[in-house]
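As provided, work.txt (compact mmCIF, C-alpha atoms and all ligand atoms) reads as follows.
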# COMPACT_ATOMS: atom_id res chain seq x y z
CA MET A 311 0.00 0.00 0.00
CA ALA A 312 0.99 3.63 -0.39
CA VAL A 313 0.07 6.37 2.08
CA VAL A 314 0.29 9.87 0.62
CA GLY A 315 0.57 12.64 3.20
CA ALA A 316 2.33 10.12 5.43
CA THR A 317 4.02 12.81 7.54
CA GLY A 318 0.75 14.56 8.36
CA ALA A 319 -1.13 14.13 11.62
CA LEU A 320 -3.79 11.74 10.31
CA GLY A 321 -1.42 10.29 7.69
CA SER A 322 1.22 9.29 10.25
CA LEU A 323 -1.41 7.76 12.56
CA ILE A 324 -2.84 5.79 9.64
CA VAL A 325 0.69 4.64 8.74
CA ALA A 326 1.19 3.44 12.35
CA GLU A 327 -2.19 1.69 12.41
CA LEU A 328 -1.63 -0.04 9.04
CA THR A 329 1.88 -1.08 10.09
CA LEU A 330 0.48 -2.59 13.30
CA ARG A 331 -1.90 -4.61 11.14
CA GLY A 332 0.96 -5.95 9.02
CA ALA A 333 0.84 -3.76 5.91
CA HIS A 334 3.96 -3.15 3.79
CA LEU A 335 3.95 0.52 2.94
CA LEU A 336 5.30 3.17 0.67
CA VAL A 337 5.25 6.39 2.71
CA VAL A 338 4.85 9.38 0.42
CA GLY A 339 5.57 12.95 1.49
CA ARG A 340 7.49 16.10 0.77
CA ASP A 341 10.31 15.80 3.28
CA ALA A 342 12.81 12.93 3.30
CA ASP A 343 13.90 13.45 6.93
CA ARG A 344 10.35 13.49 8.24
CA LEU A 345 9.50 10.39 6.19
CA ALA A 346 12.55 8.60 7.67
CA ALA A 347 11.46 9.66 11.17
CA LEU A 348 8.25 7.63 10.74
CA GLY A 349 10.48 4.59 11.26
CA THR A 350 8.44 2.44 8.88
CA GLY A 351 7.76 2.10 5.18
CA VAL A 352 9.75 2.82 2.04
CA PRO A 353 10.04 6.60 1.64
CA VAL A 354 8.96 8.27 -1.61
CA VAL A 355 9.62 12.00 -1.74
CA ALA A 356 6.97 13.71 -3.87
CA ASP A 357 4.73 16.76 -3.97
CA VAL A 358 1.09 15.93 -4.69
CA GLY A 359 0.76 19.04 -6.85
CA ASP A 360 3.44 17.69 -9.17
CA ALA A 361 2.01 15.52 -11.95
CA THR A 362 5.03 13.20 -11.73
CA ALA A 363 4.27 12.21 -8.11
CA GLY A 364 2.21 9.29 -9.38
CA ASP A 365 5.08 8.12 -11.60
CA ALA A 366 7.35 8.04 -8.53
CA VAL A 367 4.76 6.03 -6.57
CA VAL A 368 4.31 3.57 -9.45
CA ALA A 369 8.09 3.11 -9.86
CA ALA A 370 8.61 2.56 -6.11
CA ALA A 371 5.66 0.15 -5.96
CA HIS A 372 7.16 -1.98 -8.75
CA GLU A 373 10.64 -1.84 -7.22
CA HIS A 374 9.82 -2.45 -3.55
CA LEU A 375 6.41 -4.10 -3.35
CA GLY A 376 6.09 -5.90 -6.67
CA GLY A 377 2.86 -4.01 -7.34
CA LEU A 378 0.36 -1.99 -5.33
CA ASP A 379 -2.69 -3.20 -3.42
CA GLY A 380 -3.94 0.14 -2.13
CA LEU A 381 -3.56 3.90 -2.05
CA VAL A 382 -4.51 6.08 0.93
CA ASN A 383 -4.50 9.83 0.31
CA ALA A 384 -4.21 11.79 3.56
CA ALA A 385 -2.58 14.88 2.04
CA GLY A 386 -4.53 18.11 2.03
CA VAL A 387 -4.49 21.81 2.72
CA VAL A 388 -7.05 24.26 4.12
CA ALA A 389 -7.68 28.00 3.94
CA PHE A 390 -10.11 30.27 5.76
CA GLY A 391 -11.71 33.64 5.18
CA GLY A 392 -14.34 35.21 2.95
CA LEU A 393 -14.12 34.27 -0.71
CA VAL A 394 -13.58 37.86 -1.85
CA ASP A 395 -10.52 38.08 0.40
CA THR A 396 -9.10 34.71 -0.69
CA ALA A 397 -6.30 35.30 -3.18
CA ASP A 398 -6.43 33.57 -6.58
CA GLU A 399 -3.17 31.77 -5.74
CA VAL A 400 -4.76 30.33 -2.59
CA VAL A 401 -7.78 29.06 -4.53
CA GLU A 402 -5.38 27.51 -7.05
CA GLU A 403 -3.23 25.88 -4.38
CA LEU A 404 -6.28 24.42 -2.63
CA PHE A 405 -7.54 22.83 -5.83
CA LEU A 406 -4.08 21.70 -6.94
CA THR A 407 -3.35 19.85 -3.68
CA ASN A 408 -6.83 18.61 -2.80
CA VAL A 409 -8.28 17.78 -6.22
CA ILE A 410 -6.06 18.15 -9.29
CA GLY A 411 -2.93 16.50 -7.86
CA PRO A 412 -4.92 13.53 -6.55
CA LEU A 413 -6.52 13.12 -10.01
CA PHE A 414 -3.06 13.13 -11.63
CA LEU A 415 -1.99 10.54 -9.04
CA LEU A 416 -5.03 8.33 -9.58
CA ARG A 417 -4.57 8.34 -13.35
CA ARG A 418 -1.16 6.75 -12.79
CA VAL A 419 -1.82 4.29 -9.95
CA VAL A 420 -5.25 2.92 -10.91
CA PRO A 421 -3.79 0.45 -13.46
CA LEU A 422 -1.72 -1.14 -10.65
CA LEU A 423 -4.77 -1.27 -8.40
CA GLU A 424 -6.75 -2.94 -11.19
CA GLU A 425 -4.04 -5.61 -11.43
CA SER A 426 -4.22 -6.29 -7.67
CA GLN A 427 -7.98 -5.65 -7.29
CA GLY A 428 -6.91 -3.19 -4.63
CA PHE A 429 -8.41 -0.01 -3.21
CA VAL A 430 -8.23 3.77 -3.12
CA LEU A 431 -9.08 5.64 0.09
CA GLN A 432 -9.50 9.39 -0.12
CA ILE A 433 -9.92 11.56 2.96
CA SER A 434 -12.34 14.30 2.01
CA ALA A 435 -14.14 16.02 4.92
CA VAL A 436 -17.41 16.87 6.62
CA VAL A 437 -17.54 20.07 4.52
CA ALA A 438 -18.15 17.90 1.45
CA GLU A 439 -21.56 17.18 3.02
CA ARG A 440 -22.07 20.49 4.80
CA PRO A 441 -20.15 23.26 2.98
CA MET A 442 -19.17 26.09 5.32
CA PRO A 443 -19.02 29.87 4.97
CA ARG A 444 -15.48 31.30 5.18
CA MET A 445 -14.29 27.94 3.83
CA VAL A 446 -15.93 28.26 0.40
CA ALA A 447 -13.01 27.10 -1.74
CA TYR A 448 -11.90 24.42 0.77
CA SER A 449 -15.47 23.08 0.94
CA ALA A 450 -15.59 23.02 -2.87
CA THR A 451 -12.35 21.01 -3.05
CA LYS A 452 -13.64 18.45 -0.57
CA ALA A 453 -16.99 18.13 -2.38
CA ALA A 454 -15.00 17.58 -5.57
CA ALA A 455 -12.83 14.92 -3.92
CA SER A 456 -15.96 13.19 -2.70
CA ALA A 457 -17.50 13.32 -6.20
CA VAL A 458 -14.32 11.80 -7.64
CA ALA A 459 -14.58 8.89 -5.20
CA THR A 460 -18.28 8.27 -5.89
CA ALA A 461 -17.88 8.31 -9.66
CA LEU A 462 -14.64 6.30 -9.62
CA ARG A 463 -16.24 3.66 -7.37
CA THR A 464 -18.76 2.91 -10.12
CA GLU A 465 -16.19 3.25 -12.90
CA LEU A 466 -13.88 0.68 -11.26
CA ARG A 467 -16.54 -1.73 -10.03
CA ARG A 468 -15.90 -4.19 -12.86
CA SER A 469 -12.17 -4.10 -12.09
CA ARG A 470 -12.98 -4.92 -8.47
CA VAL A 471 -11.15 -1.87 -7.16
CA ASP A 472 -12.84 -0.50 -4.02
CA VAL A 473 -13.00 3.27 -3.65
CA TYR A 474 -13.39 4.68 -0.15
CA ASP A 475 -14.55 8.21 0.61
CA VAL A 476 -14.11 9.12 4.26
CA ARG A 477 -15.40 12.46 5.48
CA PRO A 478 -14.14 13.12 9.02
CA PRO A 479 -15.57 15.91 11.15
CA HIS A 480 -13.26 18.51 12.71
CA THR A 481 -10.35 16.69 14.34
CA GLU A 482 -7.68 18.08 16.66
CA THR A 483 -4.75 17.56 14.31
CA GLY A 484 -3.65 21.20 14.22
CA LEU A 485 -4.63 21.46 10.52
CA ALA A 486 -6.79 24.51 11.31
CA SER A 487 -3.71 26.27 12.73
CA ARG A 488 -1.71 25.75 9.48
CA PRO A 489 -3.98 27.29 6.82
CA LEU A 490 -2.64 28.52 3.49
CA ALA A 491 -4.42 31.78 4.35
CA GLY A 492 -6.88 33.29 6.78
CA GLU A 493 -7.74 32.40 10.31
CA ALA A 494 -9.85 29.50 11.53
CA PRO A 495 -13.23 30.39 13.03
CA ARG A 496 -13.78 29.36 16.63
CA LEU A 497 -14.50 25.67 16.32
CA PRO A 498 -15.95 23.35 18.94
CA ALA A 499 -13.52 20.76 20.29
CA GLY A 500 -12.66 18.30 17.55
CA LYS A 501 -12.32 14.53 17.51
CA ASP A 502 -9.29 12.67 18.79
CA PRO A 503 -6.90 12.12 15.83
CA ALA A 504 -5.91 8.60 16.92
CA ALA A 505 -9.56 7.55 17.16
CA VAL A 506 -10.29 9.04 13.73
CA ALA A 507 -7.31 7.25 12.17
CA ARG A 508 -8.38 3.97 13.78
CA ARG A 509 -11.96 4.44 12.55
CA ILE A 510 -10.65 4.98 9.01
CA VAL A 511 -8.48 1.84 9.07
CA ASP A 512 -11.35 -0.14 10.63
CA ALA A 513 -13.60 1.01 7.76
CA LEU A 514 -10.99 -0.19 5.30
CA ALA A 515 -10.81 -3.59 7.01
CA ALA A 516 -14.62 -3.84 7.00
CA GLY A 517 -15.09 -2.72 3.37
CA GLU A 518 -17.14 0.33 4.48
CA GLN A 519 -16.55 2.44 1.38
CA ASP A 520 -18.71 5.45 2.21
CA LEU A 521 -17.85 6.79 5.65
CA GLY A 522 -19.79 9.98 6.34
CA ALA A 523 -19.06 12.55 9.02
CA ASP A 524 -21.71 11.13 11.33
CA SER A 525 -19.97 7.73 11.36
CA PHE A 526 -17.06 9.04 13.43
N1 LIG A 601 -8.05 17.85 10.84
C1 LIG A 601 -9.32 17.95 10.49
O1 LIG A 601 -10.15 18.56 11.19
C2 LIG A 601 -9.80 17.30 9.22
C3 LIG A 601 -11.17 17.06 9.06
C4 LIG A 601 -11.61 16.49 7.88
C5 LIG A 601 -10.71 16.17 6.89
N2 LIG A 601 -9.39 16.42 7.07
C6 LIG A 601 -8.48 16.09 5.98
O2 LIG A 601 -7.58 15.10 6.41
C7 LIG A 601 -6.37 15.20 5.66
C8 LIG A 601 -5.19 15.19 6.64
O3 LIG A 601 -5.25 16.36 7.41
P1 LIG A 601 -4.55 16.51 8.85
O4 LIG A 601 -5.58 17.03 9.75
O5 LIG A 601 -3.82 15.27 9.18
O6 LIG A 601 -3.56 17.72 8.56
P2 LIG A 601 -1.97 17.79 8.44
O7 LIG A 601 -1.33 17.22 9.65
O8 LIG A 601 -1.65 19.20 8.09
O9 LIG A 601 -1.66 16.84 7.21
C9 LIG A 601 -1.75 17.27 5.90
C10 LIG A 601 -0.73 16.52 5.08
O10 LIG A 601 -0.82 16.95 3.73
C11 LIG A 601 0.49 17.07 3.24
N3 LIG A 601 0.54 17.97 2.10
C12 LIG A 601 0.05 19.22 2.00
N4 LIG A 601 0.34 19.72 0.79
C13 LIG A 601 1.02 18.75 0.13
C14 LIG A 601 1.60 18.65 -1.15
N5 LIG A 601 1.52 19.65 -2.04
N6 LIG A 601 2.25 17.51 -1.48
C15 LIG A 601 2.34 16.49 -0.60
N7 LIG A 601 1.81 16.52 0.62
C16 LIG A 601 1.16 17.64 0.97
C17 LIG A 601 1.28 17.61 4.40
O11 LIG A 601 2.63 17.40 4.11
P3 LIG A 601 3.82 17.92 5.07
O12 LIG A 601 3.86 16.90 6.18
O13 LIG A 601 5.00 17.87 4.17
O14 LIG A 601 3.42 19.28 5.52
C18 LIG A 601 0.72 16.76 5.51
O15 LIG A 601 1.39 15.53 5.54
C19 LIG A 601 -6.50 16.48 4.83
O16 LIG A 601 -6.94 16.17 3.53
C20 LIG A 601 -7.61 17.25 5.55
O17 LIG A 601 -8.29 18.13 4.68
C21 LIG A 601 -8.91 16.95 8.22

Render the structure in this file as structure tokens.
Ligand SMILES: NC(=O)c1ccc[n+]([C@@H]2O[C@H](COP(=O)([O-])OP(=O)(O)OC[C@H]3O[C@@H](n4cnc5c(N)ncnc54)[C@H](OP(=O)(O)O)[C@@H]3O)[C@@H](O)[C@H]2O)c1
Amino acid sequence: MAVVGATGALGSLIVAELTLRGAHLLVVGRDADRLAALGTGVPVVADVGDATAGDAVVAAAHEHLGGLDGLVNAAGVVAFGGLVDTADEVVEELFLTNVIGPLFLLRRVVPLLEESQGFVLQISAVVAERPMPRMVAYSATKAAASAVATALRTELRRSRVDVYDVRPPHTETGLASRPLAGEAPRLPAGKDPAAVARRIVDALAAGEQDLGADSF
């Protein structure tokens, strides 16, 4: 399996949980030192916004795993603030990281997943179901990611590739304190990141492909 966004809060917890359950992983992220610090998995340094990231994942999968039986995408960025005050570059970056890059990646890895009858798991978010003011572009990216998963699930049914869309509610990972722009609104206390990561890996083990915000 490959975990993209492996150095992130949810990504690293998912890596730990999958490792505990015996998975052999490619850990994909932007920083070689932080990937090495995970202490597990074969590191693949790649930026999701770069169309060649998928080529690097495919090459590493062939070299180290002899194929690929799953892809988890836990990479993502957020931004806050009114739409009028959100710079064009921020809107672009949100869509590049959360939607366009993942589509580039999927185009490249799906053939391997078809060979293994594997899976794709995309973390979208509660805002895909309930879009929020002052998160207009972020909500739109997550709704798009969710739409990709729903359509791809049907498209790949005959190939027996499962496509998971998980939409966690607000979780205390610190993501809201690292926005591309703007300031997070006051949010109620979020979920425990370890519990959310465990719930996601449990869903994967149970074949629960559509995991809405209320399931956490
Ligand atoms: N926390 C929440 O409340 C919440 C709720 C619902 C959904 N989500 C979603 O869950 C996912 C994980 O979020 P998190 O809370 O774990 O936040 P996080 O700790 O900030 O993790 C985000 C990850 O995305 C990676 N990333 C960002 N831009 C990238 C790029 N261009 N190329 C490669 N990697 C990139 C980051 O890489 P670096 O490690 O290199 O920075 C980091 O590993 C995101 O998609 C987020 O939208 C989060």

Residue neighbourhood segment 486-497 of chain A, 10 Å, only C-alpha atoms, exclusion window fewer than 5 positions, as number ranges by chain: A: 387-392, 395-397, 399-401, 403-404, 443-445, 480-481

Residues at most 7 Å from ligand LIG 601 (chain A), using all atoms listed in the file? Could they come as a ChimeraX atom specification? /A:314-321,339-341,356-359,384-388,407-408,433-436,477-486,488,500

Considering all atoms listed in the file, state which residue in the set A:Leu336, A:Ala366, A:Val437, A:Ala516 is at the smallest distance from Ser449 of chain A. A:Val437

State, in Å with one decimal place, the distance from atom CA of His374 of chain A to atom CA of Leu335 of chain A.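 Between these atoms lies a distance of 9.2 Å.
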
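Pairwise distance (atom CA of Arg470 of chain A, atom CA of Ser426 of chain A) equals 8.9 Å.
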
Given only C-alpha atoms as the counted atoms, nearest of A:Leu423, A:Ile510, A:Val338, A:Ala326 to Val354 of chain A: A:Val338

In Å, rounded to a single decimal, give me how far atom CA of Gly364 of chain A is from atom CA of Arg418 of chain A.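 Taking atom CA of Arg418 of chain A as the start and atom CA of Gly364 of chain A as the end point, the length is 5.4 Å.
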
Closest of A:Leu413, A:Ala312, A:Val420, A:Leu393 to Ala454 of chain A, counting all atoms listed in the file, is A:Leu413

What's the 12 Å shell around Arg331 of chain A, counting all atoms listed in the file, without same-chain residues fewer than 5 positions away, as a ChimeraX atom specification? /A:324-326,508,511-512,514-515

Taking all atoms listed in the file into account, name the residue in A:Val430, A:Ala504, A:Val368, A:Met311 that is nearest to Tyr474 of chain A.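 Of A:Val430, A:Ala504, A:Val368, A:Met311, the one nearest Tyr474 of chain A is A:Val430, counting all atoms listed in the file.
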
Could you check the closest approach to Pro353 of chain A for each of A:His372, A:Val313, A:Val471, A:Gly380 and tell me which residue wins, using all atoms listed in the file?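 Looking at the shortest contact to Pro353 of chain A, the residue is A:Val313.
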
Listed atoms of segment 355-361 of chain A boxed axis-aligned with 3 Å per side, centre + edges as JSON:
{"center_x": 5.2, "center_y": 15.5, "center_z": -6.8, "size_x": 14.9, "size_y": 13.0, "size_z": 16.2}

Put segment 401-423 of chain A into a file with N, CA, C and O atoms, as a short mmCIF file (atom, residue, chain, number, x, y, z; two decimals), in the first residue's frame.
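What follows is the written file out_3.cif:
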data_model
loop_
_atom_site.label_atom_id
_atom_site.label_comp_id
_atom_site.auth_asym_id
_atom_site.auth_seq_id
_atom_site.Cartn_x
_atom_site.Cartn_y
_atom_site.Cartn_z
N VAL A 401 -6.75 29.91 -3.92
CA VAL A 401 -7.78 29.06 -4.53
C VAL A 401 -7.11 28.00 -5.40
O VAL A 401 -7.44 26.80 -5.34
N GLU A 402 -6.11 28.44 -6.17
CA GLU A 402 -5.38 27.51 -7.05
C GLU A 402 -4.67 26.42 -6.26
O GLU A 402 -4.74 25.24 -6.60
N GLU A 403 -4.00 26.84 -5.19
CA GLU A 403 -3.23 25.88 -4.38
C GLU A 403 -4.16 24.86 -3.71
O GLU A 403 -3.85 23.67 -3.64
N LEU A 404 -5.31 25.34 -3.24
CA LEU A 404 -6.28 24.42 -2.63
C LEU A 404 -6.72 23.35 -3.63
O LEU A 404 -6.73 22.16 -3.32
N PHE A 405 -7.06 23.80 -4.83
CA PHE A 405 -7.54 22.83 -5.83
C PHE A 405 -6.41 21.95 -6.34
O PHE A 405 -6.61 20.76 -6.60
N LEU A 406 -5.20 22.51 -6.46
CA LEU A 406 -4.08 21.70 -6.94
C LEU A 406 -3.78 20.56 -5.96
O LEU A 406 -3.64 19.40 -6.36
N THR A 407 -3.72 20.87 -4.67
CA THR A 407 -3.35 19.85 -3.68
C THR A 407 -4.50 18.89 -3.37
O THR A 407 -4.29 17.70 -3.21
N ASN A 408 -5.71 19.43 -3.27
CA ASN A 408 -6.83 18.61 -2.80
C ASN A 408 -7.58 17.89 -3.92
O ASN A 408 -8.28 16.90 -3.64
N VAL A 409 -7.47 18.37 -5.14
CA VAL A 409 -8.28 17.78 -6.22
C VAL A 409 -7.43 17.41 -7.44
O VAL A 409 -7.41 16.24 -7.86
N ILE A 410 -6.73 18.39 -8.00
CA ILE A 410 -6.06 18.15 -9.29
C ILE A 410 -4.89 17.18 -9.13
O ILE A 410 -4.77 16.20 -9.88
N GLY A 411 -4.05 17.41 -8.11
CA GLY A 411 -2.93 16.50 -7.86
C GLY A 411 -3.41 15.07 -7.63
O GLY A 411 -2.90 14.12 -8.24
N PRO A 412 -4.41 14.88 -6.75
CA PRO A 412 -4.92 13.53 -6.55
C PRO A 412 -5.46 12.88 -7.83
O PRO A 412 -5.32 11.68 -8.03
N LEU A 413 -6.06 13.68 -8.73
CA LEU A 413 -6.52 13.12 -10.01
C LEU A 413 -5.33 12.69 -10.87
O LEU A 413 -5.34 11.60 -11.47
N PHE A 414 -4.28 13.52 -10.90
CA PHE A 414 -3.06 13.13 -11.63
C PHE A 414 -2.51 11.81 -11.06
O PHE A 414 -2.10 10.92 -11.79
N LEU A 415 -2.52 11.73 -9.73
CA LEU A 415 -1.99 10.54 -9.04
C LEU A 415 -2.83 9.31 -9.39
O LEU A 415 -2.29 8.24 -9.73
N LEU A 416 -4.14 9.46 -9.30
CA LEU A 416 -5.03 8.33 -9.58
C LEU A 416 -4.87 7.83 -11.00
O LEU A 416 -4.87 6.61 -11.24
N ARG A 417 -4.72 8.76 -11.96
CA ARG A 417 -4.57 8.34 -13.35
C ARG A 417 -3.41 7.35 -13.49
O ARG A 417 -3.43 6.45 -14.29
N ARG A 418 -2.37 7.58 -12.68
CA ARG A 418 -1.16 6.75 -12.79
C ARG A 418 -1.23 5.46 -11.98
O ARG A 418 -0.69 4.45 -12.40
N VAL A 419 -1.86 5.50 -10.79
CA VAL A 419 -1.82 4.29 -9.95
C VAL A 419 -2.98 3.33 -10.19
O VAL A 419 -2.86 2.15 -9.87
N VAL A 420 -4.08 3.81 -10.75
CA VAL A 420 -5.25 2.92 -10.91
C VAL A 420 -4.92 1.64 -11.69
O VAL A 420 -5.36 0.55 -11.31
N PRO A 421 -4.10 1.71 -12.77
CA PRO A 421 -3.79 0.45 -13.46
C PRO A 421 -3.15 -0.60 -12.54
O PRO A 421 -3.47 -1.79 -12.65
N LEU A 422 -2.31 -0.18 -11.60
CA LEU A 422 -1.72 -1.14 -10.65
C LEU A 422 -2.79 -1.69 -9.71
O LEU A 422 -2.77 -2.87 -9.35
N LEU A 423 -3.70 -0.83 -9.32
CA LEU A 423 -4.77 -1.27 -8.40
C LEU A 423 -5.73 -2.21 -9.12
O LEU A 423 -6.30 -3.11 -8.51
#
